[in-house]
$ cat target16.txt   # compact mmCIF, C-alpha atoms
# COMPACT_ATOMS: atom_id res chain seq x y z
CA MET G 1 10.15 78.41 -58.13
CA PRO G 2 9.66 75.39 -55.86
CA VAL G 3 7.02 72.77 -56.64
CA ASN G 4 3.63 73.96 -55.42
CA PRO G 5 2.40 71.63 -52.62
CA ALA G 6 -1.18 72.78 -53.23
CA LEU G 7 -1.22 70.70 -56.46
CA THR G 8 -2.51 67.80 -54.37
CA GLU G 9 -5.78 69.65 -53.79
CA ARG G 10 -6.31 70.59 -57.42
CA ALA G 11 -9.02 68.96 -59.54
CA PHE G 12 -7.88 68.29 -63.09
CA PRO G 13 -10.47 67.77 -65.84
CA PRO G 14 -10.54 64.45 -67.74
CA THR G 15 -8.67 64.58 -71.05
CA ALA G 16 -10.45 64.53 -74.40
CA SER G 17 -10.95 60.96 -75.55
CA TYR G 18 -8.01 59.11 -77.11
CA LEU G 19 -8.98 56.56 -79.77
CA VAL G 20 -6.55 53.63 -79.71
CA GLY G 21 -5.68 52.83 -83.33
CA ARG G 22 -4.71 49.38 -84.57
CA GLU G 23 -1.62 50.62 -86.40
CA LYS G 24 -0.61 52.69 -83.36
CA VAL G 25 -0.72 49.54 -81.24
CA ARG G 26 1.43 47.71 -83.81
CA GLU G 27 3.86 50.64 -84.02
CA PHE G 28 4.22 50.83 -80.24
CA ALA G 29 4.58 47.05 -79.99
CA ARG G 30 7.43 47.08 -82.54
CA ALA G 31 9.08 49.93 -80.62
CA VAL G 32 9.18 47.87 -77.40
CA PHE G 33 10.53 44.82 -79.23
CA SER G 34 7.35 42.78 -78.90
CA THR G 35 6.97 39.75 -81.15
CA ASN G 36 3.72 38.69 -79.49
CA PRO G 37 1.05 37.86 -82.12
CA LEU G 38 -1.68 39.38 -79.92
CA ASN G 39 -0.08 42.80 -80.48
CA PHE G 40 -0.06 42.44 -84.28
CA SER G 41 -2.62 39.95 -85.55
CA VAL G 42 -6.35 40.67 -85.35
CA GLU G 43 -7.02 36.97 -85.92
CA ALA G 44 -4.74 35.92 -83.06
CA ALA G 45 -6.24 38.54 -80.73
CA GLN G 46 -9.81 37.51 -81.59
CA ALA G 47 -8.95 33.84 -81.13
CA ALA G 48 -7.80 34.80 -77.61
CA GLY G 49 -11.10 36.55 -76.92
CA TYR G 50 -10.16 40.18 -77.63
CA ALA G 51 -12.04 42.49 -79.97
CA ASP G 52 -8.86 43.65 -81.74
CA VAL G 53 -5.08 43.76 -81.34
CA VAL G 54 -3.94 44.14 -77.72
CA ALA G 55 -1.62 46.96 -76.67
CA PRO G 56 1.59 46.14 -74.76
CA PRO G 57 1.39 46.75 -70.97
CA THR G 58 3.24 50.08 -71.02
CA PHE G 59 1.09 51.58 -73.81
CA ALA G 60 -0.95 53.35 -71.11
CA ILE G 61 1.93 55.86 -70.82
CA VAL G 62 0.83 57.37 -74.16
CA VAL G 63 -2.52 58.27 -72.59
CA GLN G 64 -1.04 59.23 -69.23
CA GLU G 65 1.27 61.64 -71.07
CA LEU G 66 -1.78 63.78 -71.92
CA THR G 67 -2.37 64.33 -68.20
CA LEU G 68 1.30 65.00 -67.45
CA ALA G 69 1.10 67.72 -70.11
CA GLN G 70 -1.80 69.24 -68.15
CA LEU G 71 0.35 69.21 -65.02
CA LEU G 72 3.32 70.88 -66.73
CA ALA G 73 0.99 73.50 -68.21
CA GLU G 74 -0.14 74.69 -64.76
CA GLU G 75 1.50 78.07 -64.48
CA ASP G 76 1.94 77.90 -60.74
CA ALA G 77 3.05 74.23 -60.60
CA GLY G 78 6.74 75.08 -60.31
CA ILE G 79 7.68 72.13 -62.52
CA GLU G 80 10.16 72.93 -65.31
CA LEU G 81 10.33 70.09 -67.85
CA THR G 82 14.09 70.51 -68.22
CA HIS G 83 14.47 69.74 -64.50
CA VAL G 84 12.21 66.70 -64.45
CA VAL G 85 13.56 63.15 -64.19
CA HIS G 86 11.29 60.11 -64.33
CA GLY G 87 11.87 58.40 -60.98
CA GLU G 88 9.36 55.57 -60.86
CA GLN G 89 6.46 54.26 -62.88
CA ARG G 90 3.67 51.90 -61.97
CA PHE G 91 0.61 50.50 -63.75
CA ASP G 92 -2.34 48.78 -62.09
CA TYR G 93 -4.43 47.02 -64.71
CA VAL G 94 -8.10 46.14 -64.71
CA ARG G 95 -7.83 44.86 -68.29
CA PRO G 96 -5.46 45.27 -71.24
CA ILE G 97 -5.96 48.18 -73.65
CA VAL G 98 -7.26 47.02 -77.04
CA ALA G 99 -7.41 48.80 -80.42
CA GLY G 100 -10.77 50.56 -80.71
CA ASP G 101 -10.81 51.66 -77.08
CA GLU G 102 -11.76 55.30 -76.57
CA LEU G 103 -9.88 56.26 -73.45
CA SER G 104 -10.04 59.28 -71.21
CA ALA G 105 -7.59 60.03 -68.43
CA GLN G 106 -7.93 62.00 -65.23
CA LEU G 107 -5.00 63.20 -63.18
CA ALA G 108 -4.69 63.55 -59.44
CA VAL G 109 -1.46 64.70 -57.80
CA THR G 110 -1.32 62.42 -54.79
CA GLY G 111 1.97 63.55 -53.32
CA VAL G 112 4.43 66.44 -53.32
CA LYS G 113 7.42 65.86 -51.11
CA THR G 114 10.68 67.75 -50.89
CA LEU G 115 13.84 65.80 -50.33
CA GLY G 116 17.23 67.47 -50.13
CA GLY G 117 16.43 70.31 -52.52
CA ASN G 118 14.63 68.04 -54.97
CA ALA G 119 10.90 67.47 -55.07
CA MET G 120 9.07 64.22 -55.70
CA VAL G 121 5.71 64.63 -57.40
CA VAL G 122 3.39 61.63 -57.60
CA ALA G 123 1.00 61.89 -60.55
CA GLU G 124 -1.76 59.29 -60.50
CA THR G 125 -3.75 58.96 -63.72
CA SER G 126 -6.96 56.97 -63.88
CA ILE G 127 -7.76 55.79 -67.41
CA ARG G 128 -11.34 54.85 -68.35
CA ASP G 129 -13.04 53.63 -71.51
CA ALA G 130 -16.00 55.19 -73.35
CA ALA G 131 -18.43 53.36 -71.06
CA GLY G 132 -16.73 54.91 -68.03
CA GLU G 133 -15.24 51.58 -66.97
CA HIS G 134 -11.85 51.69 -65.28
CA VAL G 135 -9.10 50.19 -67.51
CA VAL G 136 -5.79 51.05 -65.86
CA THR G 137 -4.25 53.42 -63.35
CA ALA G 138 -0.83 54.80 -64.24
CA VAL G 139 1.31 56.34 -61.51
CA SER G 140 4.39 58.42 -62.33
CA THR G 141 6.82 59.64 -59.73
CA LEU G 142 8.58 62.70 -61.12
CA VAL G 143 11.77 63.96 -59.52
CA VAL G 144 12.04 67.72 -59.97
CA ARG G 145 15.62 68.88 -59.51
CA GLY G 146 15.87 72.03 -57.46
CA ASP G 147 19.35 73.04 -58.63
CA ALA G 148 18.38 75.90 -60.93
CA MET E 1 -4.26 9.44 -48.51
CA SER E 2 -1.64 11.18 -50.53
CA THR E 3 0.07 14.07 -48.85
CA GLU E 4 2.05 14.87 -51.92
CA ILE E 5 1.81 18.48 -52.96
CA VAL E 6 2.75 19.22 -56.50
CA HIS E 7 4.35 22.64 -56.81
CA ARG E 8 4.40 23.94 -60.32
CA TYR E 9 6.66 26.83 -59.40
CA GLU E 10 9.00 27.78 -56.62
CA LYS E 11 10.34 31.06 -55.39
CA GLY E 12 13.48 31.87 -57.33
CA ASP E 13 12.49 29.89 -60.45
CA GLU E 14 13.55 31.61 -63.65
CA VAL E 15 10.48 31.91 -65.86
CA ALA E 16 11.74 34.02 -68.76
CA ARG E 17 14.89 35.60 -70.14
CA ALA E 18 15.64 37.84 -73.11
CA THR E 19 18.37 40.01 -74.61
CA TYR E 20 17.64 43.24 -76.49
CA PRO E 21 20.35 44.96 -78.53
CA ILE E 22 19.21 48.56 -78.85
CA THR E 23 20.57 51.25 -81.12
CA ARG E 24 19.92 54.92 -81.83
CA GLU E 25 17.34 53.71 -84.37
CA SER E 26 15.48 51.96 -81.50
CA LEU E 27 15.32 55.29 -79.66
CA VAL E 28 14.00 57.19 -82.68
CA ARG E 29 11.44 54.44 -83.24
CA TYR E 30 10.31 54.61 -79.60
CA ALA E 31 10.18 58.41 -79.70
CA GLY E 32 7.84 58.25 -82.69
CA ALA E 33 5.67 55.48 -81.28
CA SER E 34 5.32 57.02 -77.81
CA GLY E 35 5.37 60.72 -78.65
CA ASP E 36 8.26 61.36 -76.24
CA PHE E 37 10.56 63.53 -78.36
CA ASN E 38 12.89 64.71 -75.59
CA ALA E 39 16.10 65.37 -77.54
CA ILE E 40 18.34 63.73 -74.89
CA HIS E 41 17.19 60.46 -76.46
CA TYR E 42 18.66 61.11 -79.91
CA ARG E 43 20.95 64.18 -79.93
CA ASP E 44 24.49 63.95 -78.54
CA ASP E 45 24.88 67.72 -78.39
CA VAL E 46 21.73 68.16 -76.32
CA ALA E 47 22.63 65.27 -74.00
CA GLU E 48 26.07 66.79 -73.49
CA SER E 49 24.70 70.28 -72.88
CA VAL E 50 22.63 69.06 -69.91
CA GLY E 51 25.56 67.15 -68.43
CA LEU E 52 24.63 63.60 -69.42
CA PRO E 53 27.26 60.95 -70.23
CA GLY E 54 25.65 60.47 -73.64
CA VAL E 55 22.34 59.87 -75.39
CA LEU E 56 20.08 57.88 -73.06
CA ALA E 57 17.40 55.30 -73.81
CA HIS E 58 13.92 56.40 -72.74
CA GLY E 59 13.22 54.89 -69.31
CA MET E 60 9.82 53.89 -70.64
CA LEU E 61 11.47 52.03 -73.53
CA THR E 62 13.54 50.01 -71.07
CA MET E 63 10.47 49.43 -68.90
CA GLY E 64 8.39 48.53 -71.95
CA LEU E 65 10.73 45.91 -73.40
CA ALA E 66 11.62 44.40 -70.00
CA VAL E 67 8.07 43.17 -69.42
CA GLN E 68 7.67 41.55 -72.85
CA PRO E 69 9.24 38.19 -71.88
CA VAL E 70 6.78 37.96 -68.97
CA VAL E 71 3.79 38.73 -71.21
CA ASP E 72 4.93 36.00 -73.60
CA TRP E 73 5.40 33.57 -70.72
CA VAL E 74 1.96 34.11 -69.11
CA GLY E 75 0.33 34.00 -72.56
CA ASP E 76 -2.70 36.18 -71.95
CA PRO E 77 -1.91 39.89 -71.31
CA ALA E 78 -4.94 39.96 -68.97
CA ARG E 79 -2.82 37.91 -66.53
CA ILE E 80 -0.66 40.99 -65.89
CA GLY E 81 -2.16 42.69 -62.84
CA ALA E 82 0.42 45.36 -62.10
CA TYR E 83 3.88 46.43 -63.23
CA GLN E 84 6.27 48.84 -61.59
CA VAL E 85 9.89 49.95 -61.87
CA ARG E 86 12.32 52.49 -60.47
CA PHE E 87 14.62 54.19 -62.97
CA THR E 88 17.86 53.79 -61.07
CA ARG E 89 20.59 54.03 -63.71
CA PRO E 90 20.45 55.62 -67.17
CA VAL E 91 21.12 53.43 -70.22
CA VAL E 92 23.70 55.17 -72.41
CA VAL E 93 23.30 54.21 -76.07
CA ASP E 94 26.56 54.46 -77.99
CA PRO E 95 26.11 55.86 -81.54
CA ALA E 96 28.05 52.96 -83.07
CA SER E 97 27.68 49.98 -80.75
CA GLY E 98 24.36 50.80 -79.06
CA ALA E 99 23.65 49.01 -75.79
CA THR E 100 22.51 45.53 -74.86
CA ILE E 101 19.74 45.14 -72.31
CA GLU E 102 19.51 41.79 -70.53
CA VAL E 103 16.28 40.77 -68.81
CA VAL E 104 15.90 37.86 -66.40
CA ALA E 105 12.49 37.18 -64.82
CA LYS E 106 12.23 35.07 -61.66
CA ILE E 107 9.49 34.22 -59.22
CA GLY E 108 9.84 36.66 -56.32
CA THR E 109 6.88 35.70 -54.18
CA LEU E 110 4.34 32.99 -54.82
CA ASP E 111 0.77 32.35 -53.73
CA GLU E 112 -0.06 28.92 -55.14
CA ASP E 113 -3.53 28.95 -53.55
CA ALA E 114 -4.50 32.22 -55.22
CA GLY E 115 -2.57 31.25 -58.36
CA THR E 116 -0.65 34.52 -58.34
CA ALA E 117 2.98 35.53 -58.17
CA ARG E 118 5.20 38.55 -58.08
CA ILE E 119 7.79 38.27 -60.82
CA ASP E 120 11.03 40.10 -60.13
CA LEU E 121 12.88 41.40 -63.17
CA THR E 122 16.63 41.83 -63.20
CA VAL E 123 17.40 44.29 -65.97
CA THR E 124 21.07 44.93 -66.69
CA VAL E 125 23.41 46.60 -69.17
CA ASP E 126 27.05 45.44 -69.06
CA GLY E 127 26.28 43.65 -65.80
CA GLN E 128 24.94 46.76 -64.09
CA THR E 129 21.34 46.95 -62.94
CA VAL E 130 19.39 49.73 -64.67
CA LEU E 131 15.90 49.22 -63.23
CA GLY E 132 15.26 48.90 -59.50
CA LYS E 133 12.36 47.14 -57.81
CA ALA E 134 11.11 45.94 -61.22
CA GLN E 135 8.11 43.81 -60.34
CA VAL E 136 5.23 42.31 -62.28
CA SER E 137 2.16 40.90 -60.53
CA VAL E 138 0.73 38.02 -62.52
CA THR E 139 -1.93 35.35 -62.45
CA LEU E 140 0.05 32.17 -63.04
CA PRO E 141 -0.47 30.36 -66.34
$ encode --input "target16.txt" --output "structure tokens"
Amino acid sequence: MPVNPALTERAFPPTASYLVGREKVREFARAVFSTNPLNFSVEAAQAAGYADVVAPPTFAIVVQELTLAQLLAEEDAGIELTHVVHGEQRFDYVRPIVAGDELSAQLAVTGVKTLGGNAMVVAETSIRDAAGEHVVTAVSTLVVRGDA
Amino acid sequence: MSTEIVHRYEKGDEVARATYPITRESLVRYAGASGDFNAIHYRDDVAESVGLPGVLAHGMLTMGLAVQPVVDWVGDPARIGAYQVRFTRPVVVDPASGATIEVVAKIGTLDEDAGTARIDLTVTVDGQTVLGKAQVSVTLP
């Protein structure tokens, strides 16, 4: 089944809120080899003006993942996980994510393009905090192999 | 009247550099932290069955660690405005020797008046580039 080009017109609901935990931030920071005190020490983060420990820049992928799961769950999407390769990733930040943030993410498919049997799907996820303020936009380009 | 202009930075200046030896343990740790449990990142048999040259590092792990030297250099994470990469070459992680990821961050473009720059990351394993167009937009420290 080829990727459904009509995905670009589909409205996806915002995800349930994701509460960013302090230990989750520390765990993710260790996993990406951070040694930055702002990721680990509440005192250091507060001295720098943050409410709590600050998440590394790519932490937003954890929240974006919830929207990519929505996309893969669309029965008529034509996207088989086993045929998906992560092609590109981009983040546009309004502010860093901080422990204590309650984030919700909303997906829009902004492009479906076929290229030599493969399809490129651009999934743009807008992430907002509990007050509705924009925190970061995460954009994944998924390459869907058309060889099966 | 002095016409001297003091440039703090110039295009091409290296601003940060780091080396990350990663192992299978790093991949399991990232899988747990991120929730990405795709088995190609820790099972040789699964990687082989889908035609891969071996177990691969998560692209998002490579992307995630490659920006850390820039975050440390700018000091405040709020100075990071945008970050993007292309996943151009998979990082094969040998079960015994792992893989070593080298990151070099240089000033790509510079706007001294606005106090901003695009930092270009060169991310390599064994001298081969693994991330393409890896760019970080920053407010200069």
$ closest_atom_pairs --input "target16.txt" --of "chain E" --to "chain G" --cutoff "6 Å" --atoms "only C-alpha atoms" --output "Markdown table"
| residue | atom | partner | partner_atom | distance |
| --- | --- | --- | --- | --- |
| E:Arg29 | CA | G:Ala31 | CA | 5.7 |
| E:Tyr30 | CA | G:Ala31 | CA | 4.9 |
| E:Ala33 | CA | G:Phe28 | CA | 5.0 |
| E:Ser34 | CA | G:Val62 | CA | 5.8 |
| E:Gly64 | CA | G:Thr58 | CA | 5.5 |
| E:Leu65 | CA | G:Val32 | CA | 4.7 |
| E:Ala78 | CA | G:Arg95 | CA | 5.7 |
| E:Gly81 | CA | G:Tyr93 | CA | 5.2 |
| E:Ala82 | CA | G:Asp92 | CA | 4.4 |
| E:Tyr83 | CA | G:Phe91 | CA | 5.2 |
| E:Gln84 | CA | G:Arg90 | CA | 4.0 |
| E:Val85 | CA | G:Gln89 | CA | 5.6 |
| E:Arg86 | CA | G:Glu88 | CA | 4.3 |
| E:Phe87 | CA | G:Gly87 | CA | 5.4 |
$ closest_residue --input "target16.txt" --among "E:Val50, E:Ala66, E:Val71, E:Val55" --to "E:Val130" --atoms "all atoms listed in the file"
E:Ala66
$ closest_residue --input "target16.txt" --among "E:Thr100, E:Leu140, E:Val92, E:Met63" --to "E:Glu48" --atoms "all atoms listed in the file"
E:Val92
$ atom_distance --input "target16.txt" --atom1 "atom CA of G:Pro2" --atom2 "atom CA of E:Gly51"
21.9 Å
$ atom_distance --input "target16.txt" --atom1 "atom CA of E:Thr19" --atom2 "atom CA of E:Val125"
9.9 Å
$ residues_around --input "target16.txt" --residues "G:Leu19" --least-positions-apart "6" --cutoff "10 Å" --atoms "only C-alpha atoms" --output "ChimeraX atom specification"
/G:63,99-104,129-130
$ atom_distance --input "target16.txt" --atom1 "atom CA of G:Pro14" --atom2 "atom CA of G:Ala105"
5.4 Å
$ residues_around --input "target16.txt" --residues "E:His58" --least-positions-apart "6" --cutoff "9 Å" --atoms "only C-alpha atoms" --output "PDB file with C-alpha atoms, in the coordinates of the input"
ATOM      1  CA  LEU E  27      15.320  55.290 -79.660  1.00  0.00           C
ATOM      2  CA  TYR E  30      10.310  54.610 -79.600  1.00  0.00           C
ATOM      3  CA  ALA E  31      10.180  58.410 -79.700  1.00  0.00           C
ATOM      4  CA  ASP E  36       8.260  61.360 -76.240  1.00  0.00           C
ATOM      5  CA  ASN E  38      12.890  64.710 -75.590  1.00  0.00           C
ATOM      6  CA  ILE E  40      18.340  63.730 -74.890  1.00  0.00           C
ATOM      7  CA  HIS E  41      17.190  60.460 -76.460  1.00  0.00           C
ATOM      8  CA  PRO E  90      20.450  55.620 -67.170  1.00  0.00           C
ATOM      9  CA  VAL E  91      21.120  53.430 -70.220  1.00  0.00           C
TER      10      VAL E  91
END
$ axis_aligned_box --input "target16.txt" --around "stretch 104-116 of chain G" --padding-each-side "5 Å" --output "JSON"
{"center_x": 3.6, "center_y": 63.5, "center_z": -60.7, "size_x": 37.3, "size_y": 18.5, "size_z": 31.1}
$ residues_around --input "target16.txt" --residues "E:Glu102" --least-positions-apart "6" --cutoff "12 Å" --atoms "only C-alpha atoms" --output "ChimeraX atom specification"
/E:16-22,62-63,65-67,69,91,121-131
$ write_last_selection --input "target16.txt" --atoms "C-alpha atoms" --output "PDB file, in the frame of the given file"
ATOM      1  CA  ALA E  16      11.740  34.020 -68.760  1.00  0.00           C
ATOM      2  CA  ARG E  17      14.890  35.600 -70.140  1.00  0.00           C
ATOM      3  CA  ALA E  18      15.640  37.840 -73.110  1.00  0.00           C
ATOM      4  CA  THR E  19      18.370  40.010 -74.610  1.00  0.00           C
ATOM      5  CA  TYR E  20      17.640  43.240 -76.490  1.00  0.00           C
ATOM      6  CA  PRO E  21      20.350  44.960 -78.530  1.00  0.00           C
ATOM      7  CA  ILE E  22      19.210  48.560 -78.850  1.00  0.00           C
ATOM      8  CA  THR E  62      13.540  50.010 -71.070  1.00  0.00           C
ATOM      9  CA  MET E  63      10.470  49.430 -68.900  1.00  0.00           C
ATOM     10  CA  LEU E  65      10.730  45.910 -73.400  1.00  0.00           C
ATOM     11  CA  ALA E  66      11.620  44.400 -70.000  1.00  0.00           C
ATOM     12  CA  VAL E  67       8.070  43.170 -69.420  1.00  0.00           C
ATOM     13  CA  PRO E  69       9.240  38.190 -71.880  1.00  0.00           C
ATOM     14  CA  VAL E  91      21.120  53.430 -70.220  1.00  0.00           C
ATOM     15  CA  LEU E 121      12.880  41.400 -63.170  1.00  0.00           C
ATOM     16  CA  THR E 122      16.630  41.830 -63.200  1.00  0.00           C
ATOM     17  CA  VAL E 123      17.400  44.290 -65.970  1.00  0.00           C
ATOM     18  CA  THR E 124      21.070  44.930 -66.690  1.00  0.00           C
ATOM     19  CA  VAL E 125      23.410  46.600 -69.170  1.00  0.00           C
ATOM     20  CA  ASP E 126      27.050  45.440 -69.060  1.00  0.00           C
ATOM     21  CA  GLY E 127      26.280  43.650 -65.800  1.00  0.00           C
ATOM     22  CA  GLN E 128      24.940  46.760 -64.090  1.00  0.00           C
ATOM     23  CA  THR E 129      21.340  46.950 -62.940  1.00  0.00           C
ATOM     24  CA  VAL E 130      19.390  49.730 -64.670  1.00  0.00           C
ATOM     25  CA  LEU E 131      15.900  49.220 -63.230  1.00  0.00           C
TER      26      LEU E 131
END
$ build_atoms --input "target16.txt" --residues "stretch 25-41 of chain E" --atoms "N, CA and C atoms" --output "short mmCIF file (atom, residue, chain, number, x, y, z; two decimals), keeping the file's coordinate frame"
data_model
loop_
_atom_site.label_atom_id
_atom_site.label_comp_id
_atom_site.auth_asym_id
_atom_site.auth_seq_id
_atom_site.Cartn_x
_atom_site.Cartn_y
_atom_site.Cartn_z
N GLU E 25 18.58 53.89 -83.60
CA GLU E 25 17.34 53.71 -84.37
C GLU E 25 16.20 53.28 -83.45
N SER E 26 16.51 52.40 -82.45
CA SER E 26 15.48 51.96 -81.50
C SER E 26 14.90 53.16 -80.76
N LEU E 27 15.77 54.13 -80.44
CA LEU E 27 15.32 55.29 -79.66
C LEU E 27 14.43 56.20 -80.52
N VAL E 28 14.82 56.37 -81.78
CA VAL E 28 14.00 57.19 -82.68
C VAL E 28 12.65 56.53 -82.90
N ARG E 29 12.68 55.20 -83.05
CA ARG E 29 11.44 54.44 -83.24
C ARG E 29 10.54 54.58 -82.02
N TYR E 30 11.13 54.48 -80.81
CA TYR E 30 10.31 54.61 -79.60
C TYR E 30 9.79 56.03 -79.44
N ALA E 31 10.62 57.01 -79.79
CA ALA E 31 10.18 58.41 -79.70
C ALA E 31 8.94 58.61 -80.56
N GLY E 32 8.98 58.09 -81.79
CA GLY E 32 7.84 58.25 -82.69
C GLY E 32 6.61 57.51 -82.20
N ALA E 33 6.81 56.30 -81.70
CA ALA E 33 5.67 55.48 -81.28
C ALA E 33 5.02 56.03 -80.01
N SER E 34 5.84 56.59 -79.12
CA SER E 34 5.32 57.02 -77.81
C SER E 34 4.97 58.50 -77.78
N GLY E 35 5.57 59.28 -78.68
CA GLY E 35 5.37 60.72 -78.65
C GLY E 35 6.31 61.43 -77.70
N ASP E 36 7.29 60.72 -77.14
CA ASP E 36 8.26 61.36 -76.24
C ASP E 36 9.49 61.77 -77.07
N PHE E 37 9.50 63.03 -77.47
CA PHE E 37 10.56 63.53 -78.36
C PHE E 37 11.63 64.31 -77.62
N ASN E 38 11.80 64.07 -76.34
CA ASN E 38 12.89 64.71 -75.59
C ASN E 38 14.21 64.42 -76.31
N ALA E 39 14.92 65.50 -76.68
CA ALA E 39 16.10 65.37 -77.54
C ALA E 39 17.28 64.64 -76.87
N ILE E 40 17.24 64.47 -75.53
CA ILE E 40 18.34 63.73 -74.89
C ILE E 40 18.35 62.26 -75.33
N HIS E 41 17.27 61.85 -76.02
CA HIS E 41 17.19 60.46 -76.46
C HIS E 41 17.67 60.25 -77.90
#
